[in-house]
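Written out below as structure tokens is the structure these notes cover.
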Amino acid sequence: MTPTLQILRAGPQMTVQDLGRPALTAQGLATGGAADRTALAEAAALLNLTYFPAAIEMAGMGGEFAVTLPTRIALTGAPMRAKVDAKEIGWNQTHLILPGQRLSIGGALSGVYGYLATAGGIATEPVLGSRSTHLVGNIGQILAAGDGLILGPDPTPNAPTVRITPEPRFSGGAVRMMPGPQTGLFEKAELARFLASEFARGAASNRQGVRLDHGGAPFQAGEAAGLASDFIAVGDVQMTGDGVPHVLLSECQTMGGYPRIGTVIGADLSRIAQLSLGGRVRFTLISVEEADRLYRSPAQMIAEAKSRVAPLVRDPSEISDLLGYQLIGGVVSGRDEEEY
Amino acid sequence: MTGPKAQTPAHEILPLGQDCVLVRFARKPDLSALSAAQRFRAVIAGQQHSEITEVAPSLASVLLRFDPGATPRARIEMIAQRALAELGPDADLPAPTRRWHLPVAFGADAGPQLAEAAALAGLTQEAAVRQMVEADLLVLAIGFAPGQPYIGLLPDNWNLPRLSQLTPKVPAGALVVAVRQLVLFCNDSTTGWRQIGQTGFRPFWPHSSTPFRLEVGDAIRIEHVSQMDLAALAPERTEGLGGARLEKTR
């Protein structure tokens, strides 16, 4: 039997996402891919993969799922309430789902994008080298009830359950930005005012970008009118015509005429994508040299996430047959206390 | 198209995120910067640097992407410096190697803002369409959305401002005009440009063997067709080509 993930109920924006399609800027296609790449790295680490798997990205709310063969899953990104049949299960860990069981994933408790990854990955046909749905580019589509996704087989369905300490990124904080081609168009005082401001997530935010609201005056660049449309980098902080900053995410346009005050570095972009409605961010400007030092390759991201993976310590109250387990004295039990 | 002769063009070498270097020849649209960007792109592409993973031109700049895990930024900046020194003073645009013949229906439902745009350009609708058909056009840049071309440059009388109120939706295949350029939308879009025509051509057709149809530097000739003819060239009947023909010119 082909391993399949069946979608029984779908939240409003569930899509398949991996690392997207790099190096198609000349063709006008933004890289796309997961809004929170840290979450994909954490899923890879939990499932002991050496690559970033294609996973289901769930914006704000999950859905209900079933499998046709025993399948290990990893739940990462924005923590969401999750159950297998009637039993609550933890986020940021692996679970074995059996045929006949129903996995239910509810709304995000904090953050925006939750991820459901399967141990064998998603095996749908790639388009231009990626399985990512690109909504702006009209590639792939939003998942709906009744869809079935073909999975790669789980190589080790009996692997022990593991958990990961997630990188904290769901409630805002400091975000590092490097200078870009138009940073110099902003007066020093205007840049300083931007760096001293605190921002909240605006309602008009999606996979293209996050609008940032603040109480103060709009931000203006010199010679903004009449700029030639020029290349955009993911992470660019763009000032639209009304002077409101937008941090551009994976599905952004590839070029544009609005000035950009800087570029959020890759390591901090998940913090923007996952900014909860009540969270606040502020920006710090780092040098190009420092930004280059802080670059992490996909392999480094997975290796770093693996260092945060540990065997799950079961809560004895959950274990029906205590005698079946060897208890080690002195180990503090507890489950995901920092997550809920 | 011939620009002014110049010495090695003015330029800036700038960081663009952690994995790109941007070589910018001007901040505002300018014919000599366009030429410099296209010639610089050709020099870099011809040198086939293994350290550069993507080369992409815009109206006034060239993006050089690299793998920061394998190559330091300074190496890419040095390659850019050396290529700039080879550009030479000649500011002519490279001659196109391919030409697209693109059927377009103008006016009425296919171009609801043709009358308004023609009036702003100081022309009757018929004369406006004639100028479009007679213009030697080039793909100046591809961007914003997948495969989507900026086409130009139209004669000076087409230096129209963008609309102050955005048009909420033009359909896929819409041909819109502003600032001496045409844009051909691949998807339904919001725009501040005026829609003058409609094509069955889709610059991005994901499941084709050549999903991105156009390249920067391609020549474009517009062929005027009726709305009835256009219906027969619907993208779903023509694999998204809309009757467009590709001619090799060299």
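Residue numbers start at 1 in each chain; chains themselves are named A, B, ... in the order of the structure tokens; ligands are numbered from 1 in the order shown.
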Quick one: everything within 7 Å of stretch 129-143 of chain B, counting only C-alpha atoms, minus sequence neighbours fewer than 6 positions away in the same chain. Send it as a PyMOL selection string.
(chain A and resi 26-28+254-255) or (chain B and resi 57-59+149-154+215-224)
**Q.** Near-stretch 291-304 of chain A list (7 Å; only C-alpha atoms; drop same-chain fewer than 3 positions) as a list of chain:residue names
**A.**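 Surrounding residues, per the criterion: A:Ala41, A:Glu42, A:Ala44, A:Ala45, A:Met178, A:Ile265, A:Ile286, A:Ser287, A:Val288, A:Ser307, B:Gln18, B:Gly69.
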Identify all chain A residues at most 10 Å from chain B by counting only C-alpha atoms; ligands do not count. Present them as a tab-separated table (two decimals) with N, CA and C atoms, in the first residue's frame.
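The result, written out as iface30.tsv:
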chain	number	residue	atom	x	y	z
A	22	PRO	N	15.37	28.14	-5.23
A	22	PRO	CA	16.35	29.23	-5.27
A	22	PRO	C	16.81	29.49	-6.70
A	23	ALA	N	17.42	30.63	-6.92
A	23	ALA	CA	18.10	30.96	-8.18
A	23	ALA	C	17.15	31.06	-9.37
A	24	LEU	N	15.89	31.48	-9.14
A	24	LEU	CA	15.00	31.78	-10.26
A	24	LEU	C	14.62	33.27	-10.27
A	25	THR	N	15.46	34.09	-9.63
A	25	THR	CA	15.22	35.53	-9.58
A	25	THR	C	15.16	36.11	-10.99
A	26	ALA	N	16.04	35.63	-11.87
A	26	ALA	CA	16.07	36.18	-13.24
A	26	ALA	C	14.76	35.90	-13.95
A	27	GLN	N	14.02	34.89	-13.51
A	27	GLN	CA	12.73	34.57	-14.11
A	27	GLN	C	11.56	35.18	-13.34
A	28	GLY	N	11.86	35.96	-12.31
A	28	GLY	CA	10.80	36.65	-11.59
A	28	GLY	C	10.11	35.82	-10.52
A	29	LEU	N	10.68	34.65	-10.21
A	29	LEU	CA	10.04	33.80	-9.22
A	29	LEU	C	10.82	33.85	-7.90
A	30	ALA	N	10.17	34.36	-6.86
A	30	ALA	CA	10.81	34.37	-5.55
A	30	ALA	C	11.01	32.94	-5.07
A	127	VAL	N	7.79	20.56	-8.79
A	127	VAL	CA	7.69	21.48	-9.92
A	127	VAL	C	8.88	22.42	-9.82
A	128	LEU	N	9.71	22.48	-10.86
A	128	LEU	CA	10.91	23.32	-10.86
A	128	LEU	C	11.78	23.03	-9.63
A	136	VAL	N	1.53	33.00	-4.86
A	136	VAL	CA	1.65	34.15	-5.75
A	136	VAL	C	2.01	33.68	-7.16
A	137	GLY	N	2.86	32.66	-7.26
A	137	GLY	CA	3.31	32.17	-8.55
A	137	GLY	C	2.36	31.17	-9.18
A	138	ASN	N	1.25	30.88	-8.47
A	138	ASN	CA	0.25	29.98	-9.04
A	138	ASN	C	0.80	28.56	-9.23
A	139	ILE	N	1.68	28.13	-8.32
A	139	ILE	CA	2.21	26.77	-8.36
A	139	ILE	C	1.63	26.03	-7.15
A	140	GLY	N	1.01	24.87	-7.41
A	140	GLY	CA	0.41	24.13	-6.30
A	140	GLY	C	-0.84	24.82	-5.80
A	177	MET	N	19.37	43.28	11.46
A	177	MET	CA	19.17	43.72	10.09
A	177	MET	C	20.54	44.16	9.56
A	178	MET	N	20.84	43.82	8.30
A	178	MET	CA	22.08	44.28	7.67
A	178	MET	C	21.75	45.39	6.67
A	179	PRO	N	22.73	46.26	6.37
A	179	PRO	CA	22.43	47.31	5.38
A	179	PRO	C	22.24	46.71	3.99
A	180	GLY	N	21.42	47.36	3.18
A	180	GLY	CA	21.15	46.92	1.81
A	180	GLY	C	21.39	48.04	0.83
A	181	PRO	N	21.05	47.83	-0.45
A	181	PRO	CA	21.36	48.82	-1.50
A	181	PRO	C	20.72	50.18	-1.28
A	182	GLN	N	19.64	50.27	-0.50
A	182	GLN	CA	18.97	51.57	-0.35
A	182	GLN	C	19.03	52.12	1.06
A	223	GLU	N	14.80	60.82	-2.26
A	223	GLU	CA	14.65	60.41	-3.67
A	223	GLU	C	13.84	59.14	-3.87
A	224	ALA	N	12.86	58.86	-3.00
A	224	ALA	CA	12.08	57.63	-3.14
A	224	ALA	C	11.26	57.64	-4.41
A	225	ALA	N	10.78	58.82	-4.82
A	225	ALA	CA	9.96	58.87	-6.03
A	225	ALA	C	10.85	58.66	-7.24
A	226	GLY	N	10.43	57.81	-8.15
A	226	GLY	CA	11.16	57.66	-9.41
A	226	GLY	C	12.32	56.70	-9.34
A	227	LEU	N	12.48	55.93	-8.25
A	227	LEU	CA	13.53	54.91	-8.21
A	227	LEU	C	13.24	53.86	-9.27
A	228	ALA	N	14.28	53.36	-9.91
A	228	ALA	CA	14.11	52.24	-10.83
A	228	ALA	C	13.75	51.01	-10.02
A	229	SER	N	12.82	50.20	-10.54
A	229	SER	CA	12.52	48.94	-9.87
A	229	SER	C	13.81	48.13	-9.79
A	230	ASP	N	14.10	47.63	-8.59
A	230	ASP	CA	15.36	46.90	-8.42
A	230	ASP	C	15.13	45.66	-7.56
A	231	PHE	N	16.14	44.80	-7.50
A	231	PHE	CA	15.98	43.49	-6.87
A	231	PHE	C	15.70	43.59	-5.38
A	232	ILE	N	14.88	42.66	-4.93
A	232	ILE	CA	14.48	42.54	-3.54
A	232	ILE	C	15.09	41.27	-2.98
A	233	ALA	N	15.58	41.33	-1.74
A	233	ALA	CA	16.03	40.12	-1.04
A	233	ALA	C	14.97	39.74	-0.02
A	234	VAL	N	14.79	38.44	0.19
A	234	VAL	CA	13.91	37.99	1.27
A	234	VAL	C	14.47	38.56	2.57
A	235	GLY	N	13.61	39.15	3.39
A	235	GLY	CA	14.06	39.80	4.62
A	235	GLY	C	14.16	41.31	4.49
A	236	ASP	N	14.04	41.83	3.26
A	236	ASP	CA	14.10	43.29	3.09
A	236	ASP	C	12.99	43.98	3.88
A	251	GLU	N	7.62	34.53	-0.17
A	251	GLU	CA	6.87	34.64	-1.43
A	251	GLU	C	6.76	36.08	-1.92
A	252	CYS	N	7.76	36.90	-1.60
A	252	CYS	CA	7.69	38.32	-1.97
A	252	CYS	C	7.90	38.50	-3.47
A	253	GLN	N	7.58	39.68	-3.98
A	253	GLN	CA	7.91	40.03	-5.36
A	253	GLN	C	9.43	40.04	-5.50
A	254	THR	N	9.96	39.84	-6.71
A	254	THR	CA	11.42	39.76	-6.88
A	254	THR	C	12.05	41.12	-7.13
A	255	MET	N	11.24	42.09	-7.57
A	255	MET	CA	11.78	43.44	-7.69
A	255	MET	C	10.68	44.44	-7.38
A	256	GLY	N	11.11	45.63	-7.01
A	256	GLY	CA	10.12	46.64	-6.67
A	256	GLY	C	10.76	48.01	-6.58
A	257	GLY	N	9.91	49.02	-6.58
A	257	GLY	CA	10.39	50.39	-6.63
A	257	GLY	C	10.38	51.12	-5.29
A	262	GLY	N	16.80	48.10	5.02
A	262	GLY	CA	17.79	47.09	5.38
A	262	GLY	C	17.23	45.71	5.12
A	263	THR	N	17.99	44.67	5.48
A	263	THR	CA	17.59	43.29	5.24
A	263	THR	C	17.74	42.49	6.53
A	264	VAL	N	16.65	41.88	6.99
A	264	VAL	CA	16.71	41.02	8.18
A	264	VAL	C	17.51	39.77	7.82
A	265	ILE	N	18.46	39.39	8.69
A	265	ILE	CA	19.30	38.22	8.37
A	265	ILE	C	18.49	36.94	8.54
A	266	GLY	N	18.93	35.89	7.84
A	266	GLY	CA	18.20	34.62	7.82
A	266	GLY	C	17.92	34.07	9.20
A	288	VAL	N	27.78	44.41	7.50
A	288	VAL	CA	27.74	43.36	6.48
A	288	VAL	C	28.66	42.21	6.92
A	289	GLU	N	29.83	42.55	7.47
A	289	GLU	CA	30.79	41.51	7.88
A	289	GLU	C	30.16	40.62	8.95
A	291	ALA	N	26.93	40.16	9.50
A	291	ALA	CA	25.85	39.39	8.88
A	291	ALA	C	26.42	38.19	8.15
A	292	ASP	N	27.54	38.39	7.43
A	292	ASP	CA	28.16	37.28	6.71
A	292	ASP	C	28.66	36.21	7.67
A	293	ARG	N	29.21	36.64	8.82
A	293	ARG	CA	29.67	35.66	9.82
A	293	ARG	C	28.50	34.85	10.37
A	294	LEU	N	27.31	35.46	10.42
A	294	LEU	CA	26.14	34.80	11.03
A	294	LEU	C	25.40	33.91	10.03
A	295	TYR	N	25.88	33.83	8.79
A	295	TYR	CA	25.21	32.95	7.81
A	295	TYR	C	25.32	31.50	8.26
A	296	ARG	N	24.23	30.76	8.13
A	296	ARG	CA	24.22	29.33	8.42
A	296	ARG	C	23.67	28.60	7.20
A	297	SER	N	24.40	27.59	6.74
A	297	SER	CA	23.93	26.79	5.61
A	297	SER	C	22.81	25.88	6.10
A	298	PRO	N	22.00	25.33	5.16
A	298	PRO	CA	20.96	24.39	5.59
A	298	PRO	C	21.51	23.25	6.43
A	299	ALA	N	22.68	22.71	6.06
A	299	ALA	CA	23.26	21.59	6.83
A	299	ALA	C	23.62	22.05	8.24
A	300	GLN	N	24.16	23.27	8.36
A	300	GLN	CA	24.49	23.80	9.70
A	300	GLN	C	23.23	24.01	10.53
Exercise for review: Find, counting only C-alpha atoms, the residue in A:Pro218, A:Gly63, A:Pro126, A:Gly33 that gets nearest to A:Val244.
Suggested key: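 Smallest separation from A:Val244 among the options: A:Pro218.
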Where does DSSP see strand (DSSP E) in stretch 14-135 of chain A, if you list the residues as an NGL selection string? :A and (14-17 or 55-59 or 64-67 or 71-77 or 80-84 or 87-89 or 93-97 or 103-108 or 113-118)
Can you write just those residues out, C-alpha atoms, as a PDB file, in the first residue's frame?
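Just written: result_39.pdb:
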ATOM      1  CA  MET A  14      -2.481  24.605   4.760  1.00  0.00           C
ATOM      2  CA  THR A  15       0.190  24.199   2.052  1.00  0.00           C
ATOM      3  CA  VAL A  16       3.134  21.906   1.301  1.00  0.00           C
ATOM      4  CA  GLN A  17       6.433  23.738   1.856  1.00  0.00           C
ATOM      5  CA  ALA A  55       6.092  19.440   5.293  1.00  0.00           C
ATOM      6  CA  ILE A  56       2.594  20.815   5.733  1.00  0.00           C
ATOM      7  CA  GLU A  57       2.670  24.469   6.764  1.00  0.00           C
ATOM      8  CA  MET A  58      -0.438  25.445   8.702  1.00  0.00           C
ATOM      9  CA  ALA A  59      -1.145  29.179   8.971  1.00  0.00           C
ATOM     10  CA  GLU A  64      -7.445  16.607  10.834  1.00  0.00           C
ATOM     11  CA  PHE A  65      -5.314  13.882   9.328  1.00  0.00           C
ATOM     12  CA  ALA A  66      -5.086  10.096   8.984  1.00  0.00           C
ATOM     13  CA  VAL A  67      -2.417   7.751   7.595  1.00  0.00           C
ATOM     14  CA  THR A  71       4.030   6.880  10.196  1.00  0.00           C
ATOM     15  CA  ARG A  72       6.166   8.940  12.542  1.00  0.00           C
ATOM     16  CA  ILE A  73       5.431  12.639  12.447  1.00  0.00           C
ATOM     17  CA  ALA A  74       7.101  15.729  13.895  1.00  0.00           C
ATOM     18  CA  LEU A  75       5.179  18.801  15.025  1.00  0.00           C
ATOM     19  CA  THR A  76       7.182  22.053  15.030  1.00  0.00           C
ATOM     20  CA  GLY A  77       6.814  25.802  14.570  1.00  0.00           C
ATOM     21  CA  MET A  80      -0.858  24.302  18.290  1.00  0.00           C
ATOM     22  CA  ARG A  81      -3.198  22.183  20.369  1.00  0.00           C
ATOM     23  CA  ALA A  82      -2.909  18.633  19.045  1.00  0.00           C
ATOM     24  CA  LYS A  83      -4.695  15.346  19.758  1.00  0.00           C
ATOM     25  CA  VAL A  84      -4.567  11.768  18.551  1.00  0.00           C
ATOM     26  CA  LYS A  87      -5.719  12.164  23.762  1.00  0.00           C
ATOM     27  CA  GLU A  88      -3.755  15.422  23.866  1.00  0.00           C
ATOM     28  CA  ILE A  89      -0.242  15.146  22.479  1.00  0.00           C
ATOM     29  CA  GLN A  93       8.241  16.166  19.399  1.00  0.00           C
ATOM     30  CA  THR A  94       7.713  13.066  17.303  1.00  0.00           C
ATOM     31  CA  HIS A  95       4.659  10.790  17.450  1.00  0.00           C
ATOM     32  CA  LEU A  96       3.816   7.505  15.830  1.00  0.00           C
ATOM     33  CA  ILE A  97       0.431   7.681  14.085  1.00  0.00           C
ATOM     34  CA  LEU A 103      -4.666  13.367  14.293  1.00  0.00           C
ATOM     35  CA  SER A 104      -6.351  16.708  15.095  1.00  0.00           C
ATOM     36  CA  ILE A 105      -4.428  19.975  15.122  1.00  0.00           C
ATOM     37  CA  GLY A 106      -6.187  23.106  16.361  1.00  0.00           C
ATOM     38  CA  GLY A 107      -5.372  26.819  16.478  1.00  0.00           C
ATOM     39  CA  ALA A 108      -1.949  28.340  17.197  1.00  0.00           C
ATOM     40  CA  TYR A 113       2.912  28.935  11.253  1.00  0.00           C
ATOM     41  CA  GLY A 114       2.797  25.350  12.590  1.00  0.00           C
ATOM     42  CA  TYR A 115       4.397  22.441  10.704  1.00  0.00           C
ATOM     43  CA  LEU A 116       3.475  18.787  10.332  1.00  0.00           C
ATOM     44  CA  ALA A 117       6.352  16.746   8.878  1.00  0.00           C
ATOM     45  CA  THR A 118       6.388  13.019   8.195  1.00  0.00           C
TER      46      THR A 118
END
Give me the residues near B:Gln47 as a count of residues only, where near means some atom within 10 Å (using only C-alpha atoms) and where sequence neighbours in that chain fewer than 4 positions away do not count. 4
